[in-house]
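Containing mmCIF, C-alpha atoms and all ligand atoms: upload.cif.
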```
data_target
loop_
_atom_site.label_atom_id
_atom_site.label_comp_id
_atom_site.auth_asym_id
_atom_site.auth_seq_id
_atom_site.Cartn_x
_atom_site.Cartn_y
_atom_site.Cartn_z
CA MET A 1 -56.26 55.21 41.11
CA ALA A 2 -52.79 56.51 40.11
CA ARG A 3 -52.76 60.29 39.78
CA ASP A 4 -49.04 60.75 39.31
CA MET A 5 -48.92 61.77 35.65
CA MET A 6 -51.13 62.35 32.66
CA ALA A 7 -52.02 59.27 30.62
CA ALA A 8 -50.69 59.30 27.05
CA PHE A 9 -52.94 60.29 24.15
CA GLU A 10 -52.54 60.96 20.44
CA LEU A 11 -52.67 64.68 19.67
CA TYR A 12 -54.18 66.05 16.46
CA GLN A 13 -53.96 69.71 15.41
CA PRO A 14 -56.36 70.47 12.53
CA ASP A 15 -56.45 73.99 11.07
CA THR A 16 -59.98 73.89 9.67
CA VAL A 17 -63.40 73.16 11.19
CA GLU A 18 -63.89 70.45 8.54
CA GLY A 19 -60.63 68.80 9.60
CA ALA A 20 -61.69 68.86 13.27
CA LEU A 21 -65.10 67.39 12.43
CA GLU A 22 -63.57 64.58 10.39
CA LEU A 23 -61.26 63.65 13.28
CA LEU A 24 -63.90 63.94 16.01
CA GLY A 25 -66.34 61.91 13.88
CA ARG A 26 -63.71 59.24 13.36
CA PHE A 27 -62.75 58.97 17.04
CA GLY A 28 -66.28 59.14 18.48
CA LYS A 29 -66.38 58.69 22.25
CA GLU A 30 -62.62 58.08 22.37
CA GLY A 31 -61.93 61.62 21.08
CA TRP A 32 -61.78 64.91 23.01
CA ALA A 33 -61.97 68.49 21.69
CA LEU A 34 -59.38 70.72 23.35
CA ALA A 35 -59.48 74.54 23.47
CA GLY A 36 -57.57 76.47 26.19
CA GLY A 37 -57.27 73.29 28.26
CA ASN A 38 -58.14 74.80 31.65
CA ASP A 39 -60.93 72.32 32.26
CA SER A 40 -59.65 69.49 30.08
CA LEU A 41 -56.14 69.24 31.51
CA ASP A 42 -57.53 68.95 35.04
CA TRP A 43 -59.47 65.92 33.94
CA PHE A 44 -56.46 64.39 32.17
CA LYS A 45 -54.03 65.06 35.03
CA ASP A 46 -56.40 63.48 37.53
CA ARG A 47 -56.80 60.56 35.10
CA VAL A 48 -60.54 60.70 35.56
CA LYS A 49 -61.05 61.22 31.81
CA ARG A 50 -58.61 59.37 29.60
CA PRO A 51 -59.33 60.08 25.94
CA ARG A 52 -57.20 58.17 23.42
CA TYR A 53 -57.31 61.00 20.89
CA VAL A 54 -57.21 64.73 21.62
CA VAL A 55 -58.20 67.17 18.86
CA ASP A 56 -56.63 70.56 19.60
CA LEU A 57 -58.92 73.22 18.09
CA THR A 58 -56.66 76.20 18.75
CA GLY A 59 -55.10 76.24 15.26
CA ILE A 60 -58.46 76.94 13.60
CA GLU A 61 -58.20 80.68 12.91
CA SER A 62 -61.80 80.98 11.60
CA MET A 63 -63.03 80.15 15.12
CA ARG A 64 -61.22 83.08 16.72
CA GLY A 65 -62.10 86.78 16.97
CA ILE A 66 -65.01 89.19 17.25
CA ARG A 67 -66.88 90.40 14.14
CA GLU A 68 -69.77 92.83 13.69
CA LEU A 69 -72.56 91.27 11.59
CA PRO A 70 -74.50 93.02 8.78
CA ASP A 71 -77.77 92.60 10.77
CA GLY A 72 -76.37 94.68 13.63
CA GLY A 73 -75.40 91.74 15.83
CA VAL A 74 -71.93 90.55 16.79
CA GLU A 75 -70.30 87.15 16.25
CA ILE A 76 -67.71 85.82 18.69
CA GLY A 77 -65.57 82.89 17.56
CA ALA A 78 -65.68 80.06 20.11
CA LEU A 79 -61.88 80.17 20.51
CA THR A 80 -61.86 83.83 21.53
CA THR A 81 -60.35 84.14 24.99
CA LEU A 82 -62.27 85.54 27.93
CA THR A 83 -59.64 88.30 28.24
CA ALA A 84 -60.22 89.33 24.61
CA ILE A 85 -63.98 89.50 25.24
CA GLU A 86 -63.55 91.45 28.46
CA ARG A 87 -61.36 94.02 26.66
CA ASP A 88 -63.06 94.27 23.29
CA PRO A 89 -64.40 97.82 22.73
CA VAL A 90 -67.48 96.70 20.74
CA ILE A 91 -68.49 94.12 23.34
CA ARG A 92 -67.88 96.58 26.17
CA GLN A 93 -69.93 99.29 24.52
CA ARG A 94 -72.83 97.21 23.15
CA TYR A 95 -72.94 94.07 25.30
CA GLY A 96 -71.36 95.23 28.56
CA LEU A 97 -73.14 92.40 30.38
CA LEU A 98 -70.99 89.78 28.62
CA ALA A 99 -67.76 91.77 29.05
CA GLU A 100 -68.45 91.99 32.79
CA ALA A 101 -69.36 88.28 33.12
CA ALA A 102 -66.18 87.27 31.24
CA SER A 103 -64.11 89.49 33.56
CA LYS A 104 -65.41 87.60 36.59
CA VAL A 105 -64.32 84.12 35.51
CA ALA A 106 -61.61 82.47 37.61
CA SER A 107 -58.32 84.44 37.49
CA PRO A 108 -56.43 86.54 34.91
CA GLN A 109 -54.22 83.57 34.00
CA ILE A 110 -57.23 81.36 33.26
CA ARG A 111 -59.01 84.14 31.34
CA ASN A 112 -55.90 84.67 29.17
CA THR A 113 -56.08 81.10 27.82
CA GLY A 114 -59.65 80.08 28.63
CA THR A 115 -61.99 80.41 25.66
CA ILE A 116 -65.67 81.36 25.61
CA GLY A 117 -66.39 78.01 23.90
CA GLY A 118 -64.65 76.12 26.69
CA ASN A 119 -66.41 78.23 29.27
CA VAL A 120 -69.87 77.27 28.04
CA CYS A 121 -68.95 73.63 27.22
CA GLN A 122 -67.20 72.93 30.54
CA ASP A 123 -68.39 69.95 32.56
CA ALA A 124 -70.02 69.88 36.01
CA ARG A 125 -67.88 70.96 38.97
CA CYS A 126 -69.35 68.58 41.55
CA TRP A 127 -66.40 67.50 43.70
CA TYR A 128 -67.49 63.85 43.85
CA TYR A 129 -67.68 63.61 40.08
CA ARG A 130 -64.38 65.44 39.64
CA TYR A 131 -62.73 63.05 42.05
CA GLY A 132 -63.73 60.19 39.79
CA VAL A 133 -66.40 58.38 41.82
CA ASN A 134 -68.87 56.30 39.88
CA CYS A 135 -71.93 58.50 40.41
CA TYR A 136 -74.97 58.82 38.11
CA ARG A 137 -73.26 61.43 35.91
CA ALA A 138 -70.25 59.14 35.54
CA GLY A 139 -72.47 56.24 34.47
CA GLY A 140 -73.06 54.72 37.93
CA ASN A 141 -76.25 54.37 39.94
CA THR A 142 -76.02 56.73 42.90
CA CYS A 143 -75.52 60.42 43.71
CA TYR A 144 -73.04 61.11 46.49
CA ALA A 145 -73.95 64.78 46.83
CA ASP A 146 -77.67 64.25 47.40
CA THR A 147 -77.34 62.29 50.66
CA PRO A 148 -77.91 63.46 54.27
CA GLU A 149 -74.19 64.12 54.81
CA GLY A 150 -73.32 64.84 51.16
CA GLN A 151 -71.32 68.00 50.42
CA ASN A 152 -73.98 69.87 48.49
CA ARG A 153 -73.40 73.49 49.39
CA GLU A 154 -72.64 74.33 45.73
CA HIS A 155 -75.47 72.25 44.29
CA CYS A 156 -78.90 72.98 42.80
CA LEU A 157 -82.18 74.51 43.93
CA TRP A 158 -84.14 73.39 40.86
CA GLY A 159 -84.07 70.65 38.24
CA ALA A 160 -82.72 67.77 40.36
CA ASP A 161 -83.07 64.50 38.48
CA ARG A 162 -80.74 61.90 40.05
CA CYS A 163 -77.90 64.48 39.62
CA VAL A 164 -77.96 67.75 41.59
CA ALA A 165 -74.94 69.45 39.97
CA VAL A 166 -75.22 73.02 38.64
CA SER A 167 -74.13 74.94 35.57
CA PRO A 168 -70.80 76.43 36.78
CA SER A 169 -70.24 78.98 34.01
CA ASP A 170 -70.17 82.74 34.58
CA THR A 171 -70.73 83.65 30.94
CA ALA A 172 -73.63 81.22 30.33
CA PRO A 173 -76.31 83.27 32.16
CA ALA A 174 -75.13 86.42 30.39
CA LEU A 175 -75.55 84.68 27.02
CA VAL A 176 -79.05 83.51 27.98
CA ALA A 177 -79.99 87.02 29.14
CA LEU A 178 -78.72 88.47 25.84
CA ASP A 179 -80.65 85.81 23.88
CA ALA A 180 -77.44 84.66 22.13
CA ARG A 181 -77.45 82.02 19.41
CA MET A 182 -74.91 79.18 19.45
CA ALA A 183 -73.50 78.00 16.09
CA ILE A 184 -72.74 74.26 16.13
CA ALA A 185 -70.94 72.58 13.24
CA GLY A 186 -71.42 68.87 12.66
CA PRO A 187 -71.21 66.27 9.92
CA ARG A 188 -74.50 67.54 8.44
CA GLY A 189 -73.51 71.24 8.38
CA GLU A 190 -74.17 74.08 10.82
CA ARG A 191 -77.16 74.44 13.13
CA GLU A 192 -77.97 77.41 15.33
CA VAL A 193 -79.45 76.92 18.78
CA ALA A 194 -80.71 79.56 21.24
CA ALA A 195 -78.42 79.81 24.29
CA GLU A 196 -81.39 78.91 26.45
CA GLU A 197 -81.73 75.57 24.64
CA PHE A 198 -77.99 74.92 24.31
CA PHE A 199 -77.70 73.91 27.97
CA ILE A 200 -79.44 70.70 29.04
CA GLY A 201 -80.31 69.13 32.38
CA PRO A 202 -79.98 65.56 33.65
CA ASN A 203 -83.58 64.88 32.67
CA ILE A 204 -82.47 65.12 29.02
CA ASP A 205 -79.00 63.57 29.25
CA ILE A 206 -77.27 63.01 32.57
CA GLU A 207 -73.81 62.62 30.99
CA ARG A 208 -73.78 65.89 29.01
CA MET A 209 -74.47 69.52 29.91
CA THR A 210 -75.05 70.90 26.41
CA VAL A 211 -76.86 69.79 23.26
CA HIS A 212 -73.67 69.52 21.24
CA GLU A 213 -72.81 65.90 20.47
CA PRO A 214 -69.31 64.35 20.69
CA GLY A 215 -68.76 64.70 16.90
CA GLU A 216 -69.77 68.38 16.81
CA VAL A 217 -67.94 71.65 17.51
CA LEU A 218 -69.27 74.93 18.83
CA THR A 219 -67.81 77.36 16.28
CA ALA A 220 -69.29 80.75 17.28
CA ILE A 221 -71.70 82.62 19.51
CA ARG A 222 -73.91 85.31 17.96
CA LEU A 223 -75.27 88.22 19.97
CA PRO A 224 -78.47 89.66 18.49
CA ALA A 225 -78.93 93.33 17.55
CA GLU A 226 -82.13 93.37 19.69
CA TRP A 227 -80.11 93.42 22.91
CA SER A 228 -77.29 95.69 21.74
CA GLY A 229 -76.98 98.70 24.06
CA ALA A 230 -79.27 97.23 26.75
CA ARG A 231 -78.87 98.37 30.35
CA TRP A 232 -77.37 95.49 32.28
CA TYR A 233 -76.43 94.09 35.66
CA PHE A 234 -74.10 91.20 36.46
CA GLU A 235 -73.09 90.05 39.91
CA LYS A 236 -71.27 86.93 40.98
CA VAL A 237 -71.11 85.79 44.58
CA ALA A 238 -68.29 83.36 45.34
CA ASP A 239 -66.30 82.35 48.41
CA ARG A 240 -63.30 84.25 47.01
CA ASN A 241 -63.36 86.72 44.16
CA VAL A 242 -60.40 85.13 42.39
CA TRP A 243 -60.39 81.49 41.28
CA ASP A 244 -63.71 80.45 42.74
CA PHE A 245 -66.76 79.35 40.81
CA PRO A 246 -70.03 81.16 41.46
CA LEU A 247 -72.19 80.16 44.41
CA VAL A 248 -74.87 82.12 42.55
CA ASN A 249 -74.56 84.65 39.73
CA ILE A 250 -77.17 86.88 38.11
CA ALA A 251 -77.27 88.36 34.61
CA THR A 252 -79.86 90.90 33.52
CA ALA A 253 -80.44 92.88 30.33
CA MET A 254 -83.22 95.46 30.08
CA PHE A 255 -84.59 98.41 28.14
CA LEU A 256 -86.60 101.18 29.74
CA SER A 257 -89.36 103.31 28.27
CA GLY A 258 -89.41 106.41 30.42
CA ASP A 259 -89.19 105.04 33.96
CA ARG A 260 -90.85 101.74 33.05
CA ILE A 261 -89.19 98.44 32.28
CA GLU A 262 -90.14 97.79 28.69
CA ARG A 263 -88.18 94.57 28.02
CA ILE A 264 -86.13 92.43 30.39
CA ARG A 265 -84.32 89.08 30.33
CA MET A 266 -82.77 87.58 33.46
CA ALA A 267 -80.83 84.37 34.09
CA ALA A 268 -79.10 82.96 37.15
CA GLY A 269 -76.16 80.55 37.25
CA ALA A 270 -75.22 77.84 39.78
CA VAL A 271 -78.81 77.23 40.90
CA GLN A 272 -79.76 74.56 38.33
CA CYS A 273 -77.93 72.29 35.89
CA VAL A 274 -78.65 74.90 33.20
CA PRO A 275 -78.53 78.70 33.49
CA ARG A 276 -81.98 79.36 34.95
CA ARG A 277 -84.05 81.84 32.97
CA LEU A 278 -86.08 83.82 35.53
CA THR A 279 -89.24 84.18 33.48
CA VAL A 280 -91.58 84.81 36.43
CA ALA A 281 -89.39 87.65 37.71
CA GLU A 282 -89.26 89.03 34.14
CA GLN A 283 -93.08 88.96 33.95
CA VAL A 284 -93.41 90.66 37.33
CA ALA A 285 -91.04 93.45 36.25
CA THR A 286 -92.20 94.02 32.66
CA GLY A 287 -94.25 97.19 32.23
CA GLN A 288 -93.60 98.26 35.83
CA PRO A 289 -91.67 101.31 37.02
CA LYS A 290 -88.06 100.53 37.86
CA THR A 291 -88.46 101.03 41.60
CA GLU A 292 -87.44 99.32 44.82
CA ASP A 293 -90.97 97.83 45.12
CA THR A 294 -90.84 96.25 41.68
CA ALA A 295 -87.34 94.96 42.38
CA ARG A 296 -88.43 93.37 45.68
CA LEU A 297 -91.50 91.73 44.17
CA ALA A 298 -89.42 90.30 41.34
CA GLY A 299 -86.84 89.04 43.84
CA GLN A 300 -89.51 87.24 45.86
CA SER A 301 -91.05 85.68 42.77
CA ALA A 302 -87.69 84.47 41.47
CA VAL A 303 -87.22 81.94 44.28
CA ARG A 304 -90.67 80.37 44.21
CA GLY A 305 -90.46 76.60 43.99
CA ALA A 306 -86.81 76.41 45.04
CA THR A 307 -86.04 73.04 46.66
CA PRO A 308 -82.86 73.24 48.72
CA LEU A 309 -80.61 70.33 49.67
CA ASN A 310 -79.17 69.94 53.18
CA TYR A 311 -76.43 72.54 52.91
CA ASN A 312 -77.48 75.04 50.25
CA HIS A 313 -80.48 76.83 51.81
CA PHE A 314 -78.41 80.02 51.80
CA LYS A 315 -78.75 80.21 48.02
CA ILE A 316 -82.46 81.12 48.30
CA PRO A 317 -82.09 84.52 50.03
CA LEU A 318 -78.90 85.07 48.03
CA LEU A 319 -80.72 84.68 44.72
CA GLN A 320 -83.66 86.76 45.95
CA ASN A 321 -81.33 89.61 46.90
CA LEU A 322 -79.37 89.38 43.65
CA VAL A 323 -82.55 89.65 41.58
CA THR A 324 -83.70 92.62 43.65
CA ARG A 325 -80.37 94.38 43.20
CA ALA A 326 -80.23 93.55 39.49
CA ILE A 327 -83.55 95.25 38.78
CA ARG A 328 -82.94 98.18 41.09
CA ASP A 329 -79.36 98.91 39.97
CA ALA A 330 -79.28 97.96 36.26
C1 LIG B 401 -59.10 76.90 39.08
C2 LIG B 401 -60.22 77.12 38.10
C3 LIG B 401 -61.16 78.09 38.38
C4 LIG B 401 -62.21 78.32 37.48
N1 LIG B 401 -63.12 79.27 37.82
C5 LIG B 401 -64.14 79.52 36.96
C6 LIG B 401 -65.10 80.54 37.26
O1 LIG B 401 -65.03 81.22 38.28
N2 LIG B 401 -66.13 80.73 36.40
C7 LIG B 401 -66.25 80.02 35.25
O2 LIG B 401 -67.18 80.27 34.49
N3 LIG B 401 -65.36 79.04 34.93
C8 LIG B 401 -64.29 78.79 35.74
N4 LIG B 401 -63.38 77.82 35.42
C9 LIG B 401 -63.67 76.88 34.29
C10 LIG B 401 -62.96 76.92 32.94
O3 LIG B 401 -61.70 76.38 32.99
C11 LIG B 401 -62.84 78.22 32.29
O4 LIG B 401 -64.08 78.84 32.41
C12 LIG B 401 -62.38 78.23 30.79
O5 LIG B 401 -63.11 79.23 30.09
C13 LIG B 401 -62.53 76.96 30.04
O6 LIG B 401 -62.12 77.24 28.71
P1 LIG B 401 -60.93 76.42 27.98
O7 LIG B 401 -60.81 77.00 26.62
O8 LIG B 401 -59.72 76.38 28.80
O9 LIG B 401 -61.65 74.99 27.91
P2 LIG B 401 -61.11 73.51 27.67
O10 LIG B 401 -60.60 72.94 28.93
O11 LIG B 401 -60.22 73.41 26.49
O12 LIG B 401 -62.51 72.83 27.31
C14 LIG B 401 -63.52 72.67 28.27
C15 LIG B 401 -64.56 71.69 27.75
O13 LIG B 401 -65.24 72.26 26.64
C16 LIG B 401 -65.09 71.48 25.48
N5 LIG B 401 -64.89 72.45 24.39
C17 LIG B 401 -64.06 73.52 24.41
N6 LIG B 401 -64.23 74.25 23.30
C18 LIG B 401 -65.17 73.62 22.55
C19 LIG B 401 -65.78 73.89 21.29
N7 LIG B 401 -65.46 74.98 20.58
N8 LIG B 401 -66.70 73.03 20.81
C20 LIG B 401 -67.03 71.93 21.53
N9 LIG B 401 -66.51 71.63 22.74
C21 LIG B 401 -65.58 72.46 23.24
C22 LIG B 401 -63.89 70.57 25.73
O14 LIG B 401 -64.02 69.35 25.03
C23 LIG B 401 -64.00 70.38 27.24
O15 LIG B 401 -64.92 69.36 27.53
C24 LIG B 401 -62.29 77.57 36.27
C25 LIG B 401 -61.32 76.61 35.99
C26 LIG B 401 -60.29 76.38 36.88
C27 LIG B 401 -59.26 75.34 36.53
S1 LIG B 402 -74.47 65.78 41.90
FE1 LIG B 402 -74.29 64.76 39.91
S2 LIG B 402 -72.11 64.86 39.51
FE2 LIG B 402 -72.36 65.13 41.74
S3 LIG B 402 -72.29 63.09 42.71
FE3 LIG B 402 -74.42 63.54 42.25
S4 LIG B 402 -74.74 62.57 40.22
FE4 LIG B 402 -72.54 62.85 40.47
#
```

Give the structure from the file, written as structure tokens.
Ligand SMILES: Cc1cc2nc3c(=O)[nH]c(=O)nc-3n(C[C@H](O)[C@H](O)[C@H](O)COP(=O)(O)OP(=O)(O)OC[C@H]3O[C@@H](n4cnc5c(N)ncnc54)[C@H](O)[C@@H]3O)c2cc1C
Ligand code: SF4
Amino acid sequence: MARDMMAAFELYQPDTVEGALELLGRFGKEGWALAGGNDSLDWFKDRVKRPRYVVDLTGIESMRGIRELPDGGVEIGALTTLTAIERDPVIRQRYGLLAEAASKVASPQIRNTGTIGGNVCQDARCWYYRYGVNCYRAGGNTCYADTPEGQNREHCLWGADRCVAVSPSDTAPALVALDARMAIAGPRGEREVAAEEFFIGPNIDIERMTVHEPGEVLTAIRLPAEWSGARWYFEKVADRNVWDFPLVNIATAMFLSGDRIERIRMAAGAVQCVPRRLTVAEQVATGQPKTEDTARLAGQSAVRGATPLNYNHFKIPLLQNLVTRAIRDA
């Protein structure tokens, strides 16, 4: 396959959501929504994805910026850059978990142009798939990673269903932990989906990682007042701290009542095709004192049922330790 230069496409630059929806609806599977381009341009340059029509969303001003909502929550336009989120005083003060997660994505250059919408809509980072092999996710009938010699160090511990790729996003688990709502605009108007339901596994659709359909656009992410001001913990473990995707990350939001954990939400990234909500660990910790013992018990419970592949056993103790630290140090 020639990888010398990007294949030609027709570029469209709408300045309203309605305009983008009309174009994406018209082009169907031959269209591509473009935000900061960090993920998209890799695909185009490698000629693995070759859309005929690219709809550049970046001229749609209504999809940019951070606004406080009358109900006490905060709305973040999908085109807001990760740098803007990391630096925003309201996000830092009220939803520090998301500011921290955004600050851990990739590198400063990528965060300066990479949008939160692109971060949560990005495709799987399995190297076989990225290289352009015809695996299950690409419409074929085999998985190259889930073989005895397959390179599956980065792949999943749960939710394997033909494909064993993981959710690669650093902000996605933070949004699940904060119980964010995702606003999706489509031909029939706007619908709002909980972050936890926004991400989908191969059992639902092996060729997509989110519920949004080709003719729809993620316009905003809404953080609820209920988790404003929560104590939080975020940690990402990667081979290198700049550039690299998470091997495992952990996002936790909690409120205490005295020394007891009154409410807690936890999610881990890069262990399943969706950010994995750690409900058993949450149940173990809820109502308990925030002590080392509680943290250890929750850590042990978080890894129950994990099914490693040949080269990713290390993720089990890694996740266990991250959960323990998250509860102890939040
Ligand atoms: C070298 C490198 C390292 C990286 N490291 C990390 C990392 O450590 N952690 C991490 O989380 N990510 C990482 N990324 C992934 C990603 O590029 C960035 O996270 C970035 O935020 C993507 O945003 P973008 O605006 O550039 O997306 P784009 O490339 O423009 O879009 C990405 C995808 O999302 C879709 N999309 C974008 N916006 C919308 C929208 N509003 N509605 C519907 N669909 C939309 C596009 O169609 C495309 O499929 C890395 C990328 C690179 C190239
Ligand atoms: S893990 Fe998924 S994306 Fe990777 S080769 Fe297997 S089917 Fe393809």

Given 6 Å and only C-alpha atoms and all ligand atoms, residues near ligand LIG 401 (chain B) as a ChimeraX atom specification
/A:32-40,78,105-106,114-119,121-122,168-170,217-219,243-246

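For A:Ile204, the residues within 10 Å (counting only C-alpha atoms, excluding itself and residues fewer than 6 positions away along the chain) are Asp161, Thr210 and Val211 of chain A.
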
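Neighbours of stretch 179-181 of chain A closer than or equal to 8 Å, with all atoms listed in the file counted and sequence neighbours fewer than 3 positions away skipped, come out as Leu175, Val176, Glu192, Val193, Ala194, Ala195, Glu196, Ile221, Arg222, Leu223, Pro224 and Trp227 of chain A.
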
Selection from above, C-alpha atoms, as a compact mmCIF listing (two decimals), in the frame of the given file, can you write it?
```txt
# COMPACT_ATOMS: atom_id res chain seq x y z
CA LEU A 175 -75.55 84.68 27.02
CA VAL A 176 -79.05 83.51 27.98
CA GLU A 192 -77.97 77.41 15.33
CA VAL A 193 -79.45 76.92 18.78
CA ALA A 194 -80.71 79.56 21.24
CA ALA A 195 -78.42 79.81 24.29
CA GLU A 196 -81.39 78.91 26.45
CA ILE A 221 -71.70 82.62 19.51
CA ARG A 222 -73.91 85.31 17.96
CA LEU A 223 -75.27 88.22 19.97
CA PRO A 224 -78.47 89.66 18.49
CA TRP A 227 -80.11 93.42 22.91
```

So, counting all atoms listed in the file, which residue among A:Cys135, A:Ile60, A:Ile250, A:Ile184 is closest to ligand LIG 402 (chain B)?
A:Cys135

Taking all atoms listed in the file into account, which residues are within 8 Å of ligand LIG 402 (chain B), as a PyMOL selection string?
chain A and resi 124-130+133-138+142-146+152+155+162-166

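Across the model, the gap from atom CA of A:Glu68 to atom CA of A:Ala185 is 20.3 Å.
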
Between atom CA of A:Pro14 and atom CA of A:Asp123, what distance in Å does the model show, to one decimal?
23.4 Å

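Nearest to A:Ala99 of all the residues A:Val55, A:Ile206, A:Val280, A:Ala251 is A:Ala251, counting all atoms listed in the file.
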
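Nearest residue to A:Ala160 among A:Glu235, A:Val274, A:Asp15, A:Glu86 is A:Val274, counting all atoms listed in the file.
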
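The neighbours of A:Tyr12 here are the residues that come within 8 Å of it, using all atoms listed in the file and leaving out any residue fewer than 5 positions away in the same chain; they are Tyr53, Val54, Val55 and Asp56 of chain A.
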
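With distances restricted to all atoms listed in the file, A:Arg92 is the closest residue to A:Val74 from A:Arg276, A:Arg92, A:Lys290, A:Arg208.
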
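For the set A:Thr16, A:Ala177, A:Glu75, A:Thr307, the residue with the smallest atom-to-atom gap to A:Gly159 is A:Thr307, counting all atoms listed in the file.
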
Per-residue nearest contacts stretch 202-293 of chain A to stretch 316-319 of chain A, cut-off 10 Å, using all atoms listed in the file, as JSON lines:
```
{"residue": "A:Val237", "atom": "CA", "partner": "A:Leu318", "partner_atom": "CA", "distance": 8.6}
{"residue": "A:Leu247", "atom": "CA", "partner": "A:Leu318", "partner_atom": "CA", "distance": 9.1}
{"residue": "A:Val248", "atom": "CA", "partner": "A:Leu319", "partner_atom": "CA", "distance": 6.7}
{"residue": "A:Asn249", "atom": "CA", "partner": "A:Leu319", "partner_atom": "CA", "distance": 7.9}
{"residue": "A:Ile250", "atom": "CA", "partner": "A:Leu319", "partner_atom": "CA", "distance": 7.8}
{"residue": "A:Ala268", "atom": "CA", "partner": "A:Leu319", "partner_atom": "CA", "distance": 7.9}
{"residue": "A:Gly269", "atom": "CA", "partner": "A:Leu319", "partner_atom": "CA", "distance": 9.7}
{"residue": "A:Val271", "atom": "CA", "partner": "A:Leu319", "partner_atom": "CA", "distance": 8.6}
```

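Proximity of A:Ser301, A:Glu149, A:Pro202, A:Ala220 to A:Ser62, computed with all atoms listed in the file, is greatest for A:Ala220.
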
Starting from the point (-89.9, 103.0, 32.2), work out which residues of protein, DNA or RNA have an atom no more than 10 Å away when counting all atoms listed in the file; state them as a short mmCIF file (atom, residue, chain, number, x, y, z; two decimals) with C-alpha atoms, in the frame of the given file.
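Printed below is out-v2.cif as written:
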```cif
data_model
loop_
_atom_site.label_atom_id
_atom_site.label_comp_id
_atom_site.auth_asym_id
_atom_site.auth_seq_id
_atom_site.Cartn_x
_atom_site.Cartn_y
_atom_site.Cartn_z
CA PHE A 255 -84.59 98.41 28.14
CA LEU A 256 -86.60 101.18 29.74
CA SER A 257 -89.36 103.31 28.27
CA GLY A 258 -89.41 106.41 30.42
CA ASP A 259 -89.19 105.04 33.96
CA ARG A 260 -90.85 101.74 33.05
CA ILE A 261 -89.19 98.44 32.28
CA GLU A 262 -90.14 97.79 28.69
CA ARG A 263 -88.18 94.57 28.02
CA THR A 286 -92.20 94.02 32.66
CA GLY A 287 -94.25 97.19 32.23
CA GLN A 288 -93.60 98.26 35.83
CA PRO A 289 -91.67 101.31 37.02
CA LYS A 290 -88.06 100.53 37.86
CA THR A 291 -88.46 101.03 41.60
#
```

Just how far from atom CA of A:Ala270 is atom CA of A:Trp232, in Å to one decimal?
19.3 Å

Who sits within 8 Å of A:Asn112, only C-alpha atoms, same chain under 2 positions skipped, as a PyMOL selection string
chain A and resi 81-84+108-110+114

Need to verify the contact set: A:Arg153, 10 Å, only C-alpha atoms, exclusion of same-chain residues closer than 5 positions in sequence. Can you return it as a ChimeraX atom specification?
/A:145,247,308-315

So for stretch 294-309 of chain A, what box centre and size do we get, axis-aligned, 8 Å extra on each of the six sides, every listed atom, Å to one decimal, as JSON?
```
{"center_x": -86.1, "center_y": 83.3, "center_z": 45.5, "size_x": 26.9, "size_y": 41.9, "size_z": 24.3}
```

(-73.3, 66.8, 8.7) in this file's frame - what residues fall within 12 Å of it? Use all atoms listed in the file and give the answer as a short mmCIF file (atom, residue, chain, number, x, y, z; two decimals) with C-alpha atoms, keeping the file's coordinate frame.
```cif
data_model
loop_
_atom_site.label_atom_id
_atom_site.label_comp_id
_atom_site.auth_asym_id
_atom_site.auth_seq_id
_atom_site.Cartn_x
_atom_site.Cartn_y
_atom_site.Cartn_z
CA GLU A 18 -63.89 70.45 8.54
CA LEU A 21 -65.10 67.39 12.43
CA GLU A 22 -63.57 64.58 10.39
CA GLY A 25 -66.34 61.91 13.88
CA ILE A 184 -72.74 74.26 16.13
CA ALA A 185 -70.94 72.58 13.24
CA GLY A 186 -71.42 68.87 12.66
CA PRO A 187 -71.21 66.27 9.92
CA ARG A 188 -74.50 67.54 8.44
CA GLY A 189 -73.51 71.24 8.38
CA GLU A 190 -74.17 74.08 10.82
CA ARG A 191 -77.16 74.44 13.13
CA GLU A 213 -72.81 65.90 20.47
CA GLY A 215 -68.76 64.70 16.90
CA GLU A 216 -69.77 68.38 16.81
CA VAL A 217 -67.94 71.65 17.51
#
```
